[in-house]
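So the structure is just underneath, and the comments pick up after that.
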Amino acid sequence: MDYIVLSNGVRMPQLGYGVYQVTKEECERCVLDALKAGYRLIDTAQSYFNEEEVGSAIKKSNIPREEIFLTTKVWIENYGYEACKASIEKSMEKLQTDYLDLLLLHQPFSDYYGAWRALEEYYEAGKIRAIGISNFYPDRMIDIATFARIKPMINQVEIHPYHQQQESKNWHNKYGIQMKAWAPFGEGRGDMFADPVLSKLGAK
């Protein structure tokens, strides 16, 4: 497995398994299968409603917790300082863990500054190894990177061959924020797997 080193020195697996749109009924089996296949980064979120199943799969896998890079995201209904703290505790309870490897704010709406203060507090207490944001356009990312006490280490955004976000990546590089892709295969849209250019690159 190749790793990416974040701005705070934390090593994150370059490939991960995300459980967006994976049903509660299928999630535990899917995560177990992913772990057996060698995945060590698992990505979930409060709004996916499957944190409990992810936690159960990790527990049943018998893989040491420190070998798994576990990511979840705070939903906008839980923004604000106190609400965010309560939701973090709830997520860790569902995931059956006493720490998170990466916690993101899912969207740049509502009181995300209050929520960010909660993430900073948990990060400094050692309960979260890395903190970041998700779906923040460059202007919102630059704002929080400039004025927050601790700069985000990650911004998870849509990136794939048909949506490369090169200008956005320049801004991420400037602020030392790692881009993390969701939908790296474009969710199969646009017949990506049959694209002759990508097929040629894949064969090579």
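We label chains A, B, ... in the order they appear in the structure tokens, count residues from 1 in each chain, and number ligands from 1 in the order shown.
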
Exercise. Within segment 21-129 of chain A, find each residue whose DSSP state, derived from the backbone, is helix (DSSP H, G or I), and express the selection as a ChimeraX atom specification.
Key: /A:24-36,46-48,51-61,65-67,76-78,81-95,112-124

Exercise. Within 6 Å of segment 155-170 of chain A, counting only C-alpha atoms, which residues show up once you throw out same-chain ones fewer than 2 positions away? Write them as a VMD selection string, please.
Key: chain A and resid 132 to 135 172 to 173 179 to 186

Quiz prompt | Arg140 of chain A environment, 12 Å, only C-alpha atoms, sequence neighbours closer than 3 positions dropped, as a ChimeraX atom specification | solution = /A:107-109,112-113,133-137,143-148,152,155,168,171-172

Quiz prompt | Residues within 10 Å of Ser7 of chain A, only C-alpha atoms, excluding chain neighbours under 3 positions, as a PyMOL selection string | solution = chain A and resi 4+10-11+130+151-154+175-178

Quiz item: Can you list, as a PyMOL selection string, every protein, DNA or RNA residue that comes within 12 Å of Leu32 of chain A when you count only C-alpha atoms, leaving out same-chain residues fewer than 4 positions away?
Solution: chain A and resi 17+19+26-28+36-40+42+53-63

Expected file: the selected residues, N, CA, C and O atoms, as a PDB file, in the first residue's frame:
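The resulting file, again.pdb, is shown below:
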ATOM      1  N   TYR A  17     -11.694   2.544   0.877  1.00  0.00           N
ATOM      2  CA  TYR A  17     -13.017   2.012   0.525  1.00  0.00           C
ATOM      3  C   TYR A  17     -14.075   2.893   1.178  1.00  0.00           C
ATOM      4  O   TYR A  17     -14.126   3.022   2.402  1.00  0.00           O
ATOM      5  N   VAL A  19     -18.144   3.978   1.837  1.00  0.00           N
ATOM      6  CA  VAL A  19     -19.424   3.273   1.998  1.00  0.00           C
ATOM      7  C   VAL A  19     -20.629   4.169   1.725  1.00  0.00           C
ATOM      8  O   VAL A  19     -21.734   3.900   2.185  1.00  0.00           O
ATOM      9  N   GLU A  26     -26.097  -4.298   3.853  1.00  0.00           N
ATOM     10  CA  GLU A  26     -24.943  -4.804   3.112  1.00  0.00           C
ATOM     11  C   GLU A  26     -23.608  -4.298   3.646  1.00  0.00           C
ATOM     12  O   GLU A  26     -22.554  -4.856   3.317  1.00  0.00           O
ATOM     13  N   CYS A  27     -23.637  -3.245   4.448  1.00  0.00           N
ATOM     14  CA  CYS A  27     -22.411  -2.524   4.791  1.00  0.00           C
ATOM     15  C   CYS A  27     -21.386  -3.382   5.528  1.00  0.00           C
ATOM     16  O   CYS A  27     -20.207  -3.384   5.179  1.00  0.00           O
ATOM     17  N   GLU A  28     -21.814  -4.108   6.545  1.00  0.00           N
ATOM     18  CA  GLU A  28     -20.860  -4.902   7.320  1.00  0.00           C
ATOM     19  C   GLU A  28     -20.126  -5.900   6.419  1.00  0.00           C
ATOM     20  O   GLU A  28     -18.902  -6.019   6.473  1.00  0.00           O
ATOM     21  N   LYS A  36     -10.549  -7.704   3.849  1.00  0.00           N
ATOM     22  CA  LYS A  36      -9.914  -8.962   3.415  1.00  0.00           C
ATOM     23  C   LYS A  36      -9.136  -8.773   2.127  1.00  0.00           C
ATOM     24  O   LYS A  36      -8.114  -9.421   1.890  1.00  0.00           O
ATOM     25  N   ALA A  37      -9.621  -7.878   1.263  1.00  0.00           N
ATOM     26  CA  ALA A  37      -8.948  -7.609  -0.014  1.00  0.00           C
ATOM     27  C   ALA A  37      -7.702  -6.750   0.156  1.00  0.00           C
ATOM     28  O   ALA A  37      -6.944  -6.573  -0.801  1.00  0.00           O
ATOM     29  N   GLY A  38      -7.493  -6.202   1.350  1.00  0.00           N
ATOM     30  CA  GLY A  38      -6.291  -5.421   1.604  1.00  0.00           C
ATOM     31  C   GLY A  38      -6.492  -3.941   1.834  1.00  0.00           C
ATOM     32  O   GLY A  38      -5.541  -3.216   2.141  1.00  0.00           O
ATOM     33  N   TYR A  39      -7.722  -3.447   1.687  1.00  0.00           N
ATOM     34  CA  TYR A  39      -7.980  -2.039   1.996  1.00  0.00           C
ATOM     35  C   TYR A  39      -7.732  -1.792   3.485  1.00  0.00           C
ATOM     36  O   TYR A  39      -8.103  -2.614   4.327  1.00  0.00           O
ATOM     37  N   ARG A  40      -7.145  -0.616   3.780  1.00  0.00           N
ATOM     38  CA  ARG A  40      -6.926  -0.251   5.177  1.00  0.00           C
ATOM     39  C   ARG A  40      -7.472   1.139   5.503  1.00  0.00           C
ATOM     40  O   ARG A  40      -7.414   1.566   6.648  1.00  0.00           O
ATOM     41  N   ILE A  42     -10.988   3.124   5.525  1.00  0.00           N
ATOM     42  CA  ILE A  42     -12.436   2.996   5.404  1.00  0.00           C
ATOM     43  C   ILE A  42     -13.047   4.377   5.614  1.00  0.00           C
ATOM     44  O   ILE A  42     -12.735   5.057   6.593  1.00  0.00           O
ATOM     45  N   GLU A  53     -22.473  -0.252  11.373  1.00  0.00           N
ATOM     46  CA  GLU A  53     -22.096  -1.428  10.594  1.00  0.00           C
ATOM     47  C   GLU A  53     -20.603  -1.416  10.267  1.00  0.00           C
ATOM     48  O   GLU A  53     -19.948  -2.471  10.268  1.00  0.00           O
ATOM     49  N   VAL A  54     -20.056  -0.238   9.998  1.00  0.00           N
ATOM     50  CA  VAL A  54     -18.615  -0.116   9.768  1.00  0.00           C
ATOM     51  C   VAL A  54     -17.850  -0.522  11.030  1.00  0.00           C
ATOM     52  O   VAL A  54     -16.886  -1.299  10.973  1.00  0.00           O
ATOM     53  N   GLY A  55     -18.293  -0.016  12.168  1.00  0.00           N
ATOM     54  CA  GLY A  55     -17.646  -0.359  13.429  1.00  0.00           C
ATOM     55  C   GLY A  55     -17.699  -1.842  13.720  1.00  0.00           C
ATOM     56  O   GLY A  55     -16.714  -2.447  14.178  1.00  0.00           O
ATOM     57  N   SER A  56     -18.838  -2.446  13.444  1.00  0.00           N
ATOM     58  CA  SER A  56     -19.001  -3.880  13.666  1.00  0.00           C
ATOM     59  C   SER A  56     -18.070  -4.684  12.767  1.00  0.00           C
ATOM     60  O   SER A  56     -17.453  -5.664  13.201  1.00  0.00           O
ATOM     61  N   ALA A  57     -17.945  -4.269  11.504  1.00  0.00           N
ATOM     62  CA  ALA A  57     -17.064  -4.973  10.562  1.00  0.00           C
ATOM     63  C   ALA A  57     -15.613  -4.884  11.001  1.00  0.00           C
ATOM     64  O   ALA A  57     -14.869  -5.885  10.953  1.00  0.00           O
ATOM     65  N   ILE A  58     -15.185  -3.709  11.427  1.00  0.00           N
ATOM     66  CA  ILE A  58     -13.806  -3.535  11.879  1.00  0.00           C
ATOM     67  C   ILE A  58     -13.530  -4.430  13.086  1.00  0.00           C
ATOM     68  O   ILE A  58     -12.488  -5.088  13.170  1.00  0.00           O
ATOM     69  N   LYS A  59     -14.477  -4.484  14.000  1.00  0.00           N
ATOM     70  CA  LYS A  59     -14.330  -5.324  15.194  1.00  0.00           C
ATOM     71  C   LYS A  59     -14.237  -6.804  14.798  1.00  0.00           C
ATOM     72  O   LYS A  59     -13.382  -7.536  15.302  1.00  0.00           O
ATOM     73  N   LYS A  60     -15.103  -7.244  13.891  1.00  0.00           N
ATOM     74  CA  LYS A  60     -15.135  -8.654  13.488  1.00  0.00           C
ATOM     75  C   LYS A  60     -13.944  -9.053  12.628  1.00  0.00           C
ATOM     76  O   LYS A  60     -13.614 -10.240  12.525  1.00  0.00           O
ATOM     77  N   SER A  61     -13.283  -8.076  12.013  1.00  0.00           N
ATOM     78  CA  SER A  61     -12.157  -8.386  11.121  1.00  0.00           C
ATOM     79  C   SER A  61     -10.943  -8.903  11.878  1.00  0.00           C
ATOM     80  O   SER A  61     -10.078  -9.565  11.295  1.00  0.00           O
ATOM     81  N   ASN A  62     -10.854  -8.573  13.170  1.00  0.00           N
ATOM     82  CA  ASN A  62      -9.701  -8.930  14.011  1.00  0.00           C
ATOM     83  C   ASN A  62      -8.400  -8.288  13.540  1.00  0.00           C
ATOM     84  O   ASN A  62      -7.310  -8.707  13.955  1.00  0.00           O
ATOM     85  N   ILE A  63      -8.502  -7.295  12.676  1.00  0.00           N
ATOM     86  CA  ILE A  63      -7.327  -6.518  12.277  1.00  0.00           C
ATOM     87  C   ILE A  63      -7.070  -5.484  13.368  1.00  0.00           C
ATOM     88  O   ILE A  63      -7.999  -4.804  13.803  1.00  0.00           O
TER      89      ILE A  63
END

Quiz item: Using only C-alpha atoms, which residues sit within 7 Å of Leu100 of chain A once same-chain residues fewer than 6 positions away are excluded, as number ranges by chain?
Solution: A: 70-71, 127-129

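Restricting the calculation to only C-alpha atoms, the smallest distance between Tyr99 of chain A and any of A:Trp116, A:Phe69, A:Tyr81, A:Trp75 is found for A:Phe69.
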
Exercise. May I have all residues of segment 5-171 of chain A that DSSP, computed from the backbone, assigns to strand (DSSP E or B), given as a PyMOL selection string?
Key: chain A and resi 5+11-13+17-18+41-43+69-74+100+102-105+128+131-134+154-158+160+163

Dump as an mmCIF file, in the first residue's frame, selection limited to C-alpha atoms:
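Result file follows (result-v2.cif):
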data_model
loop_
_atom_site.group_PDB
_atom_site.id
_atom_site.type_symbol
_atom_site.label_atom_id
_atom_site.label_comp_id
_atom_site.auth_asym_id
_atom_site.auth_seq_id
_atom_site.Cartn_x
_atom_site.Cartn_y
_atom_site.Cartn_z
ATOM 1 C CA VAL A 5 1.901 12.070 4.334
ATOM 2 C CA ARG A 11 0.459 8.713 7.036
ATOM 3 C CA MET A 12 -2.793 8.019 5.174
ATOM 4 C CA PRO A 13 -3.285 5.074 2.790
ATOM 5 C CA TYR A 17 -13.017 2.012 0.525
ATOM 6 C CA GLY A 18 -15.978 4.374 0.846
ATOM 7 C CA LEU A 41 -8.689 3.112 4.757
ATOM 8 C CA ILE A 42 -12.436 2.996 5.404
ATOM 9 C CA ASP A 43 -14.492 6.143 4.720
ATOM 10 C CA PHE A 69 -7.314 4.396 8.887
ATOM 11 C CA LEU A 70 -10.885 5.260 9.850
ATOM 12 C CA THR A 71 -12.588 8.357 8.449
ATOM 13 C CA THR A 72 -16.009 9.814 9.192
ATOM 14 C CA LYS A 73 -17.667 13.181 8.598
ATOM 15 C CA VAL A 74 -19.832 15.512 10.691
ATOM 16 C CA LEU A 100 -10.625 8.615 14.784
ATOM 17 C CA LEU A 102 -9.599 11.517 10.190
ATOM 18 C CA LEU A 103 -12.680 13.610 10.866
ATOM 19 C CA LEU A 104 -14.097 15.969 8.251
ATOM 20 C CA LEU A 105 -16.780 18.642 8.158
ATOM 21 C CA ILE A 128 -8.539 12.632 16.283
ATOM 22 C CA ILE A 131 -8.910 16.966 10.834
ATOM 23 C CA GLY A 132 -10.224 18.360 7.606
ATOM 24 C CA ILE A 133 -13.094 19.511 5.448
ATOM 25 C CA SER A 134 -15.149 18.123 2.574
ATOM 26 C CA ILE A 154 -7.524 17.393 4.050
ATOM 27 C CA ASN A 155 -10.239 18.628 1.717
ATOM 28 C CA GLN A 156 -12.274 15.752 0.260
ATOM 29 C CA VAL A 157 -13.784 16.771 -3.064
ATOM 30 C CA GLU A 158 -14.966 15.217 -6.315
ATOM 31 C CA HIS A 160 -11.727 11.962 -11.346
ATOM 32 C CA HIS A 163 -13.275 16.446 -13.306
#

Quiz item: Using only C-alpha atoms, which of A:Asp101, A:Glu89, A:Glu124, A:Glu66 sits nearest Thr44 of chain A?
Solution: A:Asp101

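Taking atom CA of Asp111 of chain A and atom CA of Leu95 of chain A as the two end points, the separation is 24.8 Å.
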